[in-house]
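Student: Sharing work_13.cif here; it has mmCIF, C-alpha atoms.
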```
data_coords
loop_
_atom_site.label_atom_id
_atom_site.label_comp_id
_atom_site.auth_asym_id
_atom_site.auth_seq_id
_atom_site.Cartn_x
_atom_site.Cartn_y
_atom_site.Cartn_z
CA ARG X 1 -15.91 -17.17 11.34
CA ILE X 2 -13.72 -14.42 12.80
CA HIS X 3 -14.30 -13.33 16.40
CA GLY X 4 -12.89 -10.12 17.84
CA ARG X 5 -13.27 -8.82 21.37
CA HIS X 6 -16.27 -6.71 20.37
CA CYS X 7 -17.33 -8.07 16.99
CA MET X 8 -17.63 -11.05 14.68
CA SER X 9 -17.71 -11.71 10.94
CA ALA X 10 -20.75 -12.96 9.05
CA GLY X 11 -22.01 -13.57 5.55
CA ASN X 12 -24.32 -11.18 3.75
CA ALA X 13 -27.73 -12.51 2.67
CA PHE X 14 -27.65 -9.99 -0.21
CA LYS X 15 -24.17 -10.47 -1.60
CA SER X 16 -22.77 -8.05 -4.14
CA SER X 17 -19.98 -8.76 -6.64
CA GLY X 18 -16.57 -9.99 -5.59
CA LEU X 19 -16.02 -11.75 -2.27
CA HIS X 20 -18.41 -10.16 0.20
CA GLY X 21 -18.66 -10.36 4.00
CA LEU X 22 -19.64 -8.40 7.10
CA ILE X 23 -18.17 -7.37 10.42
CA ILE X 24 -20.92 -7.00 13.04
CA TRP X 25 -20.29 -5.30 16.37
CA THR X 26 -21.72 -6.54 19.67
CA ARG X 27 -22.90 -3.08 20.75
CA HIS X 28 -26.25 -2.19 19.19
CA ALA X 29 -25.96 1.60 18.88
CA PRO X 30 -23.42 2.56 16.19
CA HIS X 31 -22.97 6.09 17.52
CA ARG X 32 -21.97 4.67 20.92
CA LEU X 33 -19.03 2.59 19.70
CA THR X 34 -15.81 3.40 21.53
CA PRO X 35 -12.44 3.91 19.78
CA GLU X 36 -11.40 0.49 21.12
CA GLU X 37 -14.50 -1.16 19.61
CA VAL X 38 -14.00 0.56 16.25
CA SER X 39 -10.34 -0.51 16.16
CA ASP X 40 -11.30 -4.08 17.08
CA GLY X 41 -13.74 -4.16 14.17
CA PHE X 42 -11.04 -2.92 11.82
CA GLN X 43 -8.62 -5.59 13.08
CA ALA X 44 -11.23 -8.23 12.34
CA ALA X 45 -11.67 -6.71 8.87
CA ASP X 46 -7.93 -7.03 8.20
CA LEU X 47 -8.11 -10.72 9.13
CA TRP X 48 -11.15 -11.23 6.90
CA PHE X 49 -9.35 -9.68 3.93
CA GLU X 50 -6.30 -11.91 4.58
CA ARG X 51 -8.44 -15.05 4.66
CA ALA X 52 -10.48 -14.00 1.63
CA LEU X 53 -7.26 -13.35 -0.30
CA ALA X 54 -5.84 -16.74 0.71
CA TRP X 55 -9.07 -18.48 -0.33
CA ASP X 56 -9.12 -16.74 -3.70
CA THR X 57 -5.48 -17.69 -4.29
CA THR X 58 -6.11 -21.41 -3.76
CA GLN X 59 -9.75 -21.87 -4.73
CA GLY X 60 -10.90 -18.79 -6.57
CA SER X 61 -9.81 -16.78 -9.59
CA GLY X 62 -6.49 -15.72 -8.11
CA ARG X 63 -7.20 -12.15 -9.17
CA ALA X 64 -8.94 -10.70 -6.09
CA ARG X 65 -6.42 -8.13 -4.89
CA HIS X 66 -8.47 -4.98 -4.41
CA PRO X 67 -10.24 -4.61 -1.02
CA VAL X 68 -13.01 -2.13 -0.29
CA MET X 69 -14.74 -1.37 3.02
CA PHE X 70 -17.87 0.67 3.56
CA TRP X 71 -19.83 1.27 6.73
CA ASN X 72 -23.08 3.20 6.85
CA CYS X 73 -24.49 4.38 10.20
CA PHE X 74 -28.29 4.74 10.31
CA ARG X 75 -30.81 4.82 7.49
CA GLY X 76 -29.95 8.36 6.44
CA ALA X 77 -26.51 7.08 5.41
CA GLY X 78 -27.92 4.04 3.61
CA ALA X 79 -27.79 1.42 6.38
CA SER X 80 -30.42 -1.33 6.15
CA GLN X 81 -30.19 -2.05 9.90
CA ILE X 82 -29.52 0.12 12.94
CA HIS X 83 -27.15 -2.47 14.42
CA PRO X 84 -23.59 -1.48 13.30
CA HIS X 85 -22.25 -3.64 10.50
CA MET X 86 -19.32 -3.03 8.15
CA GLN X 87 -19.34 -4.30 4.56
CA LEU X 88 -16.15 -5.90 3.21
CA GLN X 89 -15.55 -6.73 -0.45
CA LEU X 90 -12.57 -8.06 -2.37
CA PHE X 91 -12.55 -7.44 -6.12
CA GLY X 92 -10.50 -8.59 -9.09
CA GLY X 93 -9.76 -4.99 -10.07
CA PRO X 94 -10.10 -1.41 -8.75
CA VAL X 95 -13.69 -0.15 -8.56
CA ALA X 96 -15.57 3.12 -8.15
CA GLN X 97 -13.75 5.86 -6.19
CA GLY X 98 -10.71 3.64 -5.71
CA ALA X 99 -10.31 3.09 -9.45
CA LEU X 100 -10.67 6.81 -10.15
CA LEU X 101 -8.11 7.81 -7.52
CA LEU X 102 -5.60 5.18 -8.69
CA GLU X 103 -5.88 6.47 -12.26
CA GLN X 104 -5.57 10.08 -11.11
CA SER X 105 -2.53 9.17 -8.99
CA LYS X 106 -0.88 7.51 -11.97
CA ARG X 107 -1.43 10.55 -14.20
CA TYR X 108 -0.28 12.92 -11.48
CA GLY X 109 2.94 10.96 -10.99
CA GLN X 110 3.64 11.05 -14.72
CA SER X 111 3.00 14.79 -15.01
CA ARG X 112 4.88 15.68 -11.80
CA LYS X 113 7.89 13.44 -12.41
CA GLY X 114 7.22 10.96 -9.64
CA GLY X 115 5.07 13.14 -7.41
CA GLU X 116 2.48 11.36 -5.29
CA LEU X 117 -1.03 12.77 -5.46
CA CYS X 118 -2.28 11.77 -2.00
CA ARG X 119 0.81 12.93 -0.13
CA ASP X 120 0.85 16.26 -1.99
CA PHE X 121 -2.88 16.62 -1.32
CA ILE X 122 -2.23 16.24 2.42
CA LEU X 123 0.62 18.76 2.29
CA ALA X 124 -1.64 21.29 0.57
CA HIS X 125 -4.22 20.91 3.34
CA ASP X 126 -1.46 21.10 5.96
CA HIS X 127 -0.30 24.46 4.57
CA LEU X 128 -3.85 25.72 5.10
CA GLY X 129 -4.02 24.41 8.66
CA LEU X 130 -6.54 21.71 7.76
CA ALA X 131 -4.40 18.59 8.25
CA LEU X 132 -2.44 16.65 10.81
CA THR X 133 0.40 14.89 9.04
CA ALA X 134 1.99 11.67 10.27
CA ASP X 135 5.08 13.69 11.28
CA THR X 136 2.95 16.12 13.29
CA LEU X 137 1.14 13.28 15.07
CA ARG X 138 4.46 11.61 15.93
CA ALA X 139 5.73 14.88 17.41
CA ARG X 140 2.58 15.50 19.43
CA CYS X 141 1.51 11.96 20.38
CA GLY X 142 4.61 9.83 19.99
CA THR X 143 3.02 7.79 17.23
CA GLY X 144 2.00 8.53 13.68
CA VAL X 145 1.06 5.91 11.12
CA PHE X 146 -1.62 8.00 9.43
CA ALA X 147 -2.46 11.55 8.39
CA CYS X 148 -5.92 13.10 8.66
CA TRP X 149 -7.48 16.24 7.27
CA ALA X 150 -10.67 18.22 6.72
CA SER X 151 -11.26 18.13 2.98
CA LEU X 152 -11.62 21.28 0.91
CA THR X 153 -13.49 19.27 -1.73
CA PRO X 154 -15.85 16.81 0.00
CA ARG X 155 -18.33 14.79 -2.01
CA VAL X 156 -22.00 15.73 -1.81
CA GLY X 157 -22.72 12.51 0.08
CA GLY X 158 -19.93 12.93 2.64
CA GLY X 159 -16.17 12.85 2.87
CA GLU X 160 -15.67 15.99 4.90
CA LEU X 161 -13.02 14.24 7.00
CA CYS X 162 -10.35 11.92 5.61
CA ALA X 163 -7.44 9.80 6.80
CA LEU X 164 -4.61 8.06 4.97
CA GLU X 165 -2.36 5.29 6.24
CA ASP X 166 1.24 6.46 5.88
CA SER X 167 2.99 3.33 4.62
CA ALA X 168 6.37 5.08 4.80
CA SER X 169 5.99 5.26 8.60
CA VAL X 170 5.15 1.57 9.02
CA ASP X 171 7.63 -0.95 10.38
CA GLU X 172 9.10 -2.91 7.47
CA SER X 173 8.49 -6.17 9.36
CA ASP X 174 4.75 -5.64 8.75
CA SER X 175 4.50 -3.30 5.79
CA ARG X 176 1.18 -4.64 4.46
CA PRO X 177 -1.72 -2.16 4.48
CA ARG X 178 -3.68 -2.47 7.73
CA LEU X 179 -7.13 -0.99 8.15
CA ALA X 180 -6.67 -1.29 11.92
CA ARG X 181 -4.04 1.48 11.80
CA LEU X 182 -6.90 3.88 10.98
CA GLY X 183 -9.33 2.64 13.64
CA LEU X 184 -8.55 5.46 16.06
CA ALA X 185 -8.66 8.06 13.29
CA VAL X 186 -12.09 6.89 12.12
CA ALA X 187 -13.48 6.83 15.67
CA LEU X 188 -12.27 10.39 16.26
CA MET X 189 -13.57 11.63 12.91
CA GLN X 190 -17.00 10.13 13.61
CA SER X 191 -16.99 11.77 17.05
CA ALA X 192 -16.12 15.14 15.48
CA LEU X 193 -18.99 14.84 12.98
CA GLN X 194 -21.38 13.87 15.78
CA ARG X 195 -20.38 16.97 17.74
CA CYS X 196 -21.40 18.97 14.67
CA GLY X 197 -24.84 17.36 14.81
CA ALA X 198 -24.37 14.52 12.34
CA GLU X 199 -25.65 11.04 13.22
CA ALA X 200 -26.04 9.35 9.83
CA ILE X 201 -22.43 8.89 8.73
CA SER X 202 -20.94 6.92 5.83
CA VAL X 203 -17.40 5.56 5.95
CA VAL X 204 -15.68 4.19 2.86
CA ALA X 205 -12.12 2.89 2.51
CA PHE X 206 -9.89 1.58 -0.26
CA GLN X 207 -6.17 1.33 -0.94
CA VAL X 208 -4.08 3.95 -2.76
CA PRO X 209 -0.35 4.72 -3.16
CA SER X 210 0.71 6.38 0.09
CA GLY X 211 4.37 5.87 0.90
CA GLY X 212 6.30 7.71 -1.77
CA ASP X 213 7.76 4.41 -2.99
CA GLY X 214 4.76 2.83 -4.67
CA ARG X 215 3.52 1.04 -1.54
CA LYS X 216 -0.19 1.24 -0.82
CA GLY X 217 -2.07 2.29 2.28
CA TRP X 218 -5.71 2.57 3.28
CA PHE X 219 -7.54 5.78 2.45
CA VAL X 220 -10.73 6.51 4.44
CA ARG X 221 -13.47 9.08 3.95
CA CYS X 222 -16.13 9.95 6.55
#
```
Output the file's structure as structure tokens, nothing else.
Tutor:
Amino acid sequence: RIHGRHCMSAGNAFKSSGLHGLIIWTRHAPHRLTPEEVSDGFQAADLWFERALAWDTTQGSGRARHPVMFWNCFRGAGASQIHPHMQLQLFGGPVAQGALLLEQSKRYGQSRKGGELCRDFILAHDHLGLALTADTLRARCGTGVFACWASLTPRVGGGELCALEDSASVDESDSRPRLARLGLAVALMQSALQRCGAEAISVVAFQVPSGGDGRKGWFVRC
């Protein structure tokens, strides 16, 4: 079991496909979680994925390389319990939105001679004043390992606000994708949606090419 400062891991009584676990926060009200608590949960999630990957390598199929996270707040977003809990799954291949975006990124790169779909998508939103790029965040805040934006094309079920880990900005000594790098972004995006009157919020994350060199980073939709 993984213990964070504000959370712990657990099994799911209703397991789905792939390797499946939970991160459960100590605080009961999901809309009262602080940025520190959200980031702590994401750090625990990173550790869970590392351990699940190691287990699959030695005792499983050896093919589980595609992590997915989803976190629903309140029943209106699909949560079965009020108490905040994040679902973690590790699959043998890309699934759902992640699979679609990976395929679209591949086709985009082929048609644009090496262009990267997600980075160009952020730049398009930045030109319209709807994004904060990693470079902008570094200039304003002194740090920038992600970009965030208000989507022009959100899904019906959510996705108005998005963030992408910028793997090109990450220290090469720890270049693996880290969900914890987006903890602050997710906390701030949830706070922004709450100020607009939203309480039931869905968060989903998966890995996509994000560094301009084929490296992957976490992509999150709220």
Student: Rank nothing, just name the residue among X:Leu161, X:Ala168, X:Ala44, X:Val220 nearest to Leu193 (chain X), using all atoms listed in the file.
Tutor: X:Leu161
Student: Counting all atoms listed in the file, which residue out of X:Thr57, X:Asn72, X:Ser17, X:Ser210 sits closest to Phe121 (chain X)?
Tutor: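 Closest to Phe121 (chain X), using all atoms listed in the file: X:Ser210.
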Student: Would you mind listing what lies within 9 Å of Glu36 (chain X) as a list in words, with only C-alpha atoms counted and same-chain residues fewer than 5 positions away left out?
Tutor: His6, Gly41, Gly183, Leu184 and Ala187 of chain X
Student: Report as a ChimeraX atom specification all protein, DNA and RNA residues lying within 12 Å of Gly76 (chain X), evaluated on all atoms listed in the file, omitting residues in the same chain fewer than 5 positions from it.
Tutor: /X:81-82,157-158,198-202
Student: Between CA of Ala180 (chain X) and CA of Ala134 (chain X), what is the distance, to one decimal in Å?
Tutor: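 So the two atoms, CA of Ala180 (chain X) and CA of Ala134 (chain X), lie 15.7 Å apart.
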